[in-house]
Structure formats: C-alpha cells, structure tokens
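Shown next, in structure tokens, is the structure this report addresses.
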Amino acid sequence: NAVPPAAGLTFAVNAATARFQAGEFELAAKAIAEGELFETAGVGVREQAMLSSMRAAVEAVRGSGGGQDVADGEQGSDSEAAMFLAGQKANFLIGRSFPDSPDPSKTSVAQDLEVQLEEGTPLANLLLPKTNEDPANGAPAGSVAGMTVRGTLGELAVRSGEGTQRWVRPMLLAALREAEALPENADPVLTATLWRTLSSLALLLGRNEPVSAEGLLRSAIDHTEKVAKGPMAPAFASGRGLLWRAQALTDFAKLLEDSRRAEERKTDTARLREQAAALLKAEKPIVELSPQELRWSMAWLPPVQAVEEKDLGF
C-alpha cells in the first residue's frame, strides 16, 4: 500500500531536518521536493505549514532571502500550524537580515521586526507574554515549537542590533523559562534553545549589566560542554551542533571585547576565539560567524515529528 500523504510528508520533513543539521543543504532541498509530492495530495494545514517552514529555512541559508513571507491568518484555527508558520516568518526575516551582500533597497531589520511584532499584530498576540508583571510567567503555555520560535525571534533581534525593541526581553525570558523545563534527552534543536537564549540575553544586557551578562554566558558555555559529554554528544560533534557550540564561545569573546575591562580581558578573549576555531577546524581565531553561518545557526526548524503505526494506516 502507498504511504498516506501526511506520513510521507512528515518523513520527508524529518529527512530534510537531518540533512539541514548536517549542513547538506542541497540534499535537504531534495527531501523537501519529495515532500511537495505529498503536499498536493490533500494533506492538512499542519503538514503544509511544517513543510513550508522547512523550505523557508533552506532558502534563508542559501541566501535567497528566506523565500516568501507568510500572510497572517493562513494557518486558520490550528494552533500548532500557527507556530509553524510563525517559524516560517522567522526564517523569512533571518534571510533578509543577514544577506551576503547588503541591499539598500530593502527595508531595514528594525522596520521588518517592528511591523511583524508591534503590539496587537497576529504574531505578537501568538508569541508574546500576556502580562507586564512577570514576562516569563506570563508567557503563553507552550508547545516546543512556540518555545523555539520565541527564542529564534529574540535572538534575531539581538544579533541584528534591534534588541532594544520592547518585546525582545519578554520573549527571550519566555523562551528561557520553557527551555529550562526540557528533559536532558530532548531533541538537539530544542536542547540548544536553552544556551542560545542564555547567550542572546547576555548580549542584550552587555555593558549595562556586565556581571549578569557574563554569568549568563558562562552558564551557556557550561551547557554546551555538558551536552558535548552527554548522551546527545554525537548531535553536537558536527554540523549545526558544532557551530552552536563555537558560537557560544565567540559570543563570550565579543562580550569581553566590548566590556569596560576589555584591555584586562584580552587574553581571555583571544583564548575563547582560539577555542572556537579549534572546534570548527579553522586556521585562524574566529572573531565572528559569516552571514551564511549566522543564517544557518538561527534558522528555525519544525520539531521532529514521530510517525506511528496508525499514521501509516496499519
């Protein structure tokens, strides 16, 4: 019997995810193309949203701008599909925000983020905490997809220099609260959300709260070292997992270089950049990631979906 369309599309997206994590973008694109064969066979809005967000991730990393933006309301009433399409929006913004060659004709990152996440927009209503009293505790109860979308958009704002927008800190705190509750054997993409969010918060605090910022980055690096020795170590020994570990080190180096004690910490800064280079087998100390590496590190992926016997029609 033929594989049911929804199961076939899910298999294709899971395969694309594995290829993407490994940095095999052309093979990821081929897996997505296979998924598109099932997409035309009448799959649900959730599966369509999963495939389109994965497609946008590949397009963003390739430098094609993250593909087309998704129109608000396309997900209908399916809450998980809404999160997947929010991830597609994130990938669209990532592709535009870190081009290989800047295009002055395009709107600024600040304008893009403000339009998408100003108070009252569908994306803000979906993702932002509902109370000003405690941004973390007021976060929407969440799916893992929601946690990773919040972390990704917050990180995008910080790394593009737009961390002062008022929604950024509450969104990062909401993502952090959810990431801290993950089990140790969680999917690698989910596990990395914890230290990537810690790094983003540290860079956001920067010179204004240097002690807190350094503490957050030390914690982020501790987490990277823990996963590198734990049961999920193979997932962080190559590909995007290795890039994430190196990025935590370059983030710490940047924090020290921008601090008021930069001269005193020069040795530490150099050591961190040499450690990042050793991880990525680079010939020279790594000061910052390339635009493509940034897009790859930040691109949002739908959580891996299990396919059960009932999904196969057994």
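Scheme for the structure tokens: letters A, B, ... for chains in order shown; per-chain residue numbers from 1; ligand numbers from 1 in order shown.
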
>> What's around Thr191 in chain A at 12 Å? Count only C-alpha atoms, leave out sequence neighbours fewer than 3 positions away in its own chain, and write the answer as a PyMOL selection string.
In response: chain A and resi 144+147-148+151+175-176+178-188+194-198+220+223-224+226-228+230+232-233+235-236+241+244-245+303

>> Could you list, as a ChimeraX atom specification, every residue within 12 Å of Glu257 in chain A, counting only C-alpha atoms and ignoring same-chain residues fewer than 4 positions away?
In response: /A:203,206-207,210,214,250-253,261-270,272-273,287

>> Residues of range 11-199 of chain A classed as helix (DSSP H, G or I) by DSSP on the backbone are to be reported as a PyMOL selection string.
In response: chain A and resi 11-22+25-39+45-62+79-97+109-117+122-127+144-159+168-179+188-199

>> Report as a list in words all protein, DNA and RNA residues lying within 7 Å of Leu156 in chain A, evaluated on only C-alpha atoms, omitting residues in the same chain fewer than 4 positions from it.
In response: Ile94, Thr152 and Ser160 of chain A

Residues from the last selection, all heavy atoms, saved as a PDB file, in the first residue's frame:
```pdb
ATOM      1  N   ILE A  94      15.128  36.173   8.954  1.00  0.00           N
ATOM      2  CA  ILE A  94      16.556  35.828   9.057  1.00  0.00           C
ATOM      3  C   ILE A  94      17.225  35.956   7.699  1.00  0.00           C
ATOM      4  O   ILE A  94      18.323  36.496   7.572  1.00  0.00           O
ATOM      5  CB  ILE A  94      16.715  34.398   9.622  1.00  0.00           C
ATOM      6  CG1 ILE A  94      16.341  34.378  11.115  1.00  0.00           C
ATOM      7  CG2 ILE A  94      18.146  33.886   9.426  1.00  0.00           C
ATOM      8  CD1 ILE A  94      16.130  32.986  11.672  1.00  0.00           C
ATOM      9  N   THR A 152      14.157  32.077  18.724  1.00  0.00           N
ATOM     10  CA  THR A 152      14.737  32.471  17.435  1.00  0.00           C
ATOM     11  C   THR A 152      14.501  33.940  17.139  1.00  0.00           C
ATOM     12  O   THR A 152      15.420  34.669  16.729  1.00  0.00           O
ATOM     13  CB  THR A 152      14.143  31.604  16.312  1.00  0.00           C
ATOM     14  OG1 THR A 152      14.507  30.231  16.532  1.00  0.00           O
ATOM     15  CG2 THR A 152      14.666  32.052  14.952  1.00  0.00           C
ATOM     16  N   SER A 160      20.865  41.316  15.270  1.00  0.00           N
ATOM     17  CA  SER A 160      20.751  42.329  14.218  1.00  0.00           C
ATOM     18  C   SER A 160      20.814  43.743  14.780  1.00  0.00           C
ATOM     19  O   SER A 160      20.629  44.716  14.049  1.00  0.00           O
ATOM     20  CB  SER A 160      19.444  42.134  13.446  1.00  0.00           C
ATOM     21  OG  SER A 160      18.323  42.281  14.303  1.00  0.00           O
TER      22      SER A 160
END
```

>> I'd like to know which of A:Glu274, A:Gly35, A:Met171, A:Lys30 is closest to Leu117 in chain A, using only C-alpha atoms.
In response: A:Met171

> Using only C-alpha atoms, which residues sit within 9 Å of Val61 in chain A once same-chain residues fewer than 6 positions away are excluded, as a PyMOL selection string?
Replying inline: chain A and resi 25+91+94-95+291-296+299

Generate a file of the selected residues that holds all heavy atoms, formatted as an mmCIF file, in the first residue's frame.
```
data_model
loop_
_atom_site.group_PDB
_atom_site.id
_atom_site.type_symbol
_atom_site.label_atom_id
_atom_site.label_comp_id
_atom_site.auth_asym_id
_atom_site.auth_seq_id
_atom_site.Cartn_x
_atom_site.Cartn_y
_atom_site.Cartn_z
ATOM 1 N N PHE A 25 22.684 21.199 2.481
ATOM 2 C CA PHE A 25 21.506 21.986 2.114
ATOM 3 C C PHE A 25 20.865 21.523 0.807
ATOM 4 O O PHE A 25 19.638 21.567 0.668
ATOM 5 C CB PHE A 25 21.881 23.468 2.041
ATOM 6 C CG PHE A 25 22.531 23.977 3.295
ATOM 7 C CD1 PHE A 25 23.777 24.574 3.258
ATOM 8 C CD2 PHE A 25 21.910 23.816 4.522
ATOM 9 C CE1 PHE A 25 24.392 25.016 4.421
ATOM 10 C CE2 PHE A 25 22.518 24.253 5.686
ATOM 11 C CZ PHE A 25 23.758 24.857 5.645
ATOM 12 N N ASN A 91 12.136 32.629 9.598
ATOM 13 C CA ASN A 91 13.132 32.304 8.573
ATOM 14 C C ASN A 91 13.164 33.359 7.471
ATOM 15 O O ASN A 91 14.238 33.706 6.951
ATOM 16 C CB ASN A 91 12.849 30.927 7.983
ATOM 17 C CG ASN A 91 13.177 29.810 8.960
ATOM 18 O OD1 ASN A 91 14.011 29.978 9.842
ATOM 19 N ND2 ASN A 91 12.509 28.685 8.822
ATOM 20 N N ILE A 94 15.128 36.173 8.954
ATOM 21 C CA ILE A 94 16.556 35.828 9.057
ATOM 22 C C ILE A 94 17.225 35.956 7.699
ATOM 23 O O ILE A 94 18.323 36.496 7.572
ATOM 24 C CB ILE A 94 16.715 34.398 9.622
ATOM 25 C CG1 ILE A 94 16.341 34.378 11.115
ATOM 26 C CG2 ILE A 94 18.146 33.886 9.426
ATOM 27 C CD1 ILE A 94 16.130 32.986 11.672
ATOM 28 N N GLY A 95 16.556 35.460 6.663
ATOM 29 C CA GLY A 95 17.122 35.542 5.323
ATOM 30 C C GLY A 95 17.341 36.971 4.867
ATOM 31 O O GLY A 95 18.330 37.280 4.194
ATOM 32 N N PRO A 291 27.938 35.675 7.322
ATOM 33 C CA PRO A 291 26.482 35.825 7.196
ATOM 34 C C PRO A 291 25.761 34.493 6.980
ATOM 35 O O PRO A 291 24.703 34.250 7.580
ATOM 36 C CB PRO A 291 26.327 36.754 5.984
ATOM 37 C CG PRO A 291 27.568 37.588 5.997
ATOM 38 C CD PRO A 291 28.651 36.647 6.452
ATOM 39 N N GLN A 292 26.325 33.606 6.137
ATOM 40 C CA GLN A 292 25.655 32.324 5.922
ATOM 41 C C GLN A 292 25.661 31.477 7.189
ATOM 42 O O GLN A 292 24.667 30.819 7.507
ATOM 43 C CB GLN A 292 26.305 31.534 4.780
ATOM 44 C CG GLN A 292 25.494 30.262 4.473
ATOM 45 C CD GLN A 292 26.135 29.350 3.454
ATOM 46 O OE1 GLN A 292 27.333 29.081 3.523
ATOM 47 N NE2 GLN A 292 25.347 28.860 2.511
ATOM 48 N N GLU A 293 26.778 31.483 7.920
ATOM 49 C CA GLU A 293 26.822 30.724 9.174
ATOM 50 C C GLU A 293 25.809 31.274 10.172
ATOM 51 O O GLU A 293 25.167 30.498 10.907
ATOM 52 C CB GLU A 293 28.235 30.768 9.756
ATOM 53 C CG GLU A 293 29.237 29.919 8.992
ATOM 54 C CD GLU A 293 30.661 30.132 9.464
ATOM 55 O OE1 GLU A 293 30.998 31.250 9.918
ATOM 56 O OE2 GLU A 293 31.463 29.180 9.377
ATOM 57 N N LEU A 294 25.655 32.594 10.210
ATOM 58 C CA LEU A 294 24.646 33.183 11.093
ATOM 59 C C LEU A 294 23.242 32.718 10.715
ATOM 60 O O LEU A 294 22.433 32.349 11.574
ATOM 61 C CB LEU A 294 24.714 34.712 11.025
ATOM 62 C CG LEU A 294 25.622 35.425 12.014
ATOM 63 C CD1 LEU A 294 25.639 36.915 11.719
ATOM 64 C CD2 LEU A 294 25.173 35.165 13.448
ATOM 65 N N ARG A 295 22.947 32.740 9.419
ATOM 66 C CA ARG A 295 21.622 32.303 8.972
ATOM 67 C C ARG A 295 21.402 30.838 9.304
ATOM 68 O O ARG A 295 20.314 30.445 9.732
ATOM 69 C CB ARG A 295 21.467 32.546 7.463
ATOM 70 C CG ARG A 295 21.541 34.009 7.045
ATOM 71 C CD ARG A 295 21.090 34.228 5.615
ATOM 72 N NE ARG A 295 21.826 33.486 4.614
ATOM 73 C CZ ARG A 295 22.902 33.912 3.973
ATOM 74 N NH1 ARG A 295 23.409 35.124 4.249
ATOM 75 N NH2 ARG A 295 23.496 33.161 3.054
ATOM 76 N N TRP A 296 22.425 30.034 9.117
ATOM 77 C CA TRP A 296 22.317 28.606 9.423
ATOM 78 C C TRP A 296 22.109 28.388 10.923
ATOM 79 O O TRP A 296 21.285 27.581 11.333
ATOM 80 C CB TRP A 296 23.569 27.886 8.932
ATOM 81 C CG TRP A 296 23.554 26.388 9.085
ATOM 82 C CD1 TRP A 296 22.463 25.567 9.085
ATOM 83 C CD2 TRP A 296 24.688 25.532 9.250
ATOM 84 N NE1 TRP A 296 22.853 24.252 9.226
ATOM 85 C CE2 TRP A 296 24.217 24.199 9.326
ATOM 86 C CE3 TRP A 296 26.055 25.772 9.323
ATOM 87 C CZ2 TRP A 296 25.071 23.110 9.486
ATOM 88 C CZ3 TRP A 296 26.898 24.679 9.471
ATOM 89 C CH2 TRP A 296 26.409 23.370 9.551
ATOM 90 N N ALA A 299 18.355 29.687 11.793
ATOM 91 C CA ALA A 299 17.166 29.243 11.060
ATOM 92 C C ALA A 299 16.285 28.343 11.923
ATOM 93 O O ALA A 299 16.774 27.461 12.630
ATOM 94 C CB ALA A 299 17.583 28.505 9.793
#
```

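Distances here use only C-alpha atoms; by that measure, the residue among A:Leu93, A:Met83, A:Leu205, A:Ala2 closest to Ala124 in chain A is A:Met83.
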
> In terms of the shortest atom-to-atom distance over only C-alpha atoms, which of A:Arg55, A:Arg46, A:Glu24, A:Gly163 is closest to Ala12 in chain A?
Replying inline: A:Arg55

> Closest to Arg166 in chain A among A:Asp311, A:Ala192, A:Glu114, A:Leu127, using only C-alpha atoms?
Replying inline: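 The shortest atom-to-atom distance to Arg166 in chain A comes from A:Glu114.
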
> With only C-alpha atoms as the basis for distance, which of A:Gly154, A:Pro170, A:Gly146, A:Pro231 is at the shortest distance from Leu190 in chain A?
Replying inline: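 That would be A:Gly146, the residue with the smallest distance to Leu190 in chain A.
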
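CA of Glu288 in chain A is positioned 14.7 Å from CA of Leu242 in chain A.
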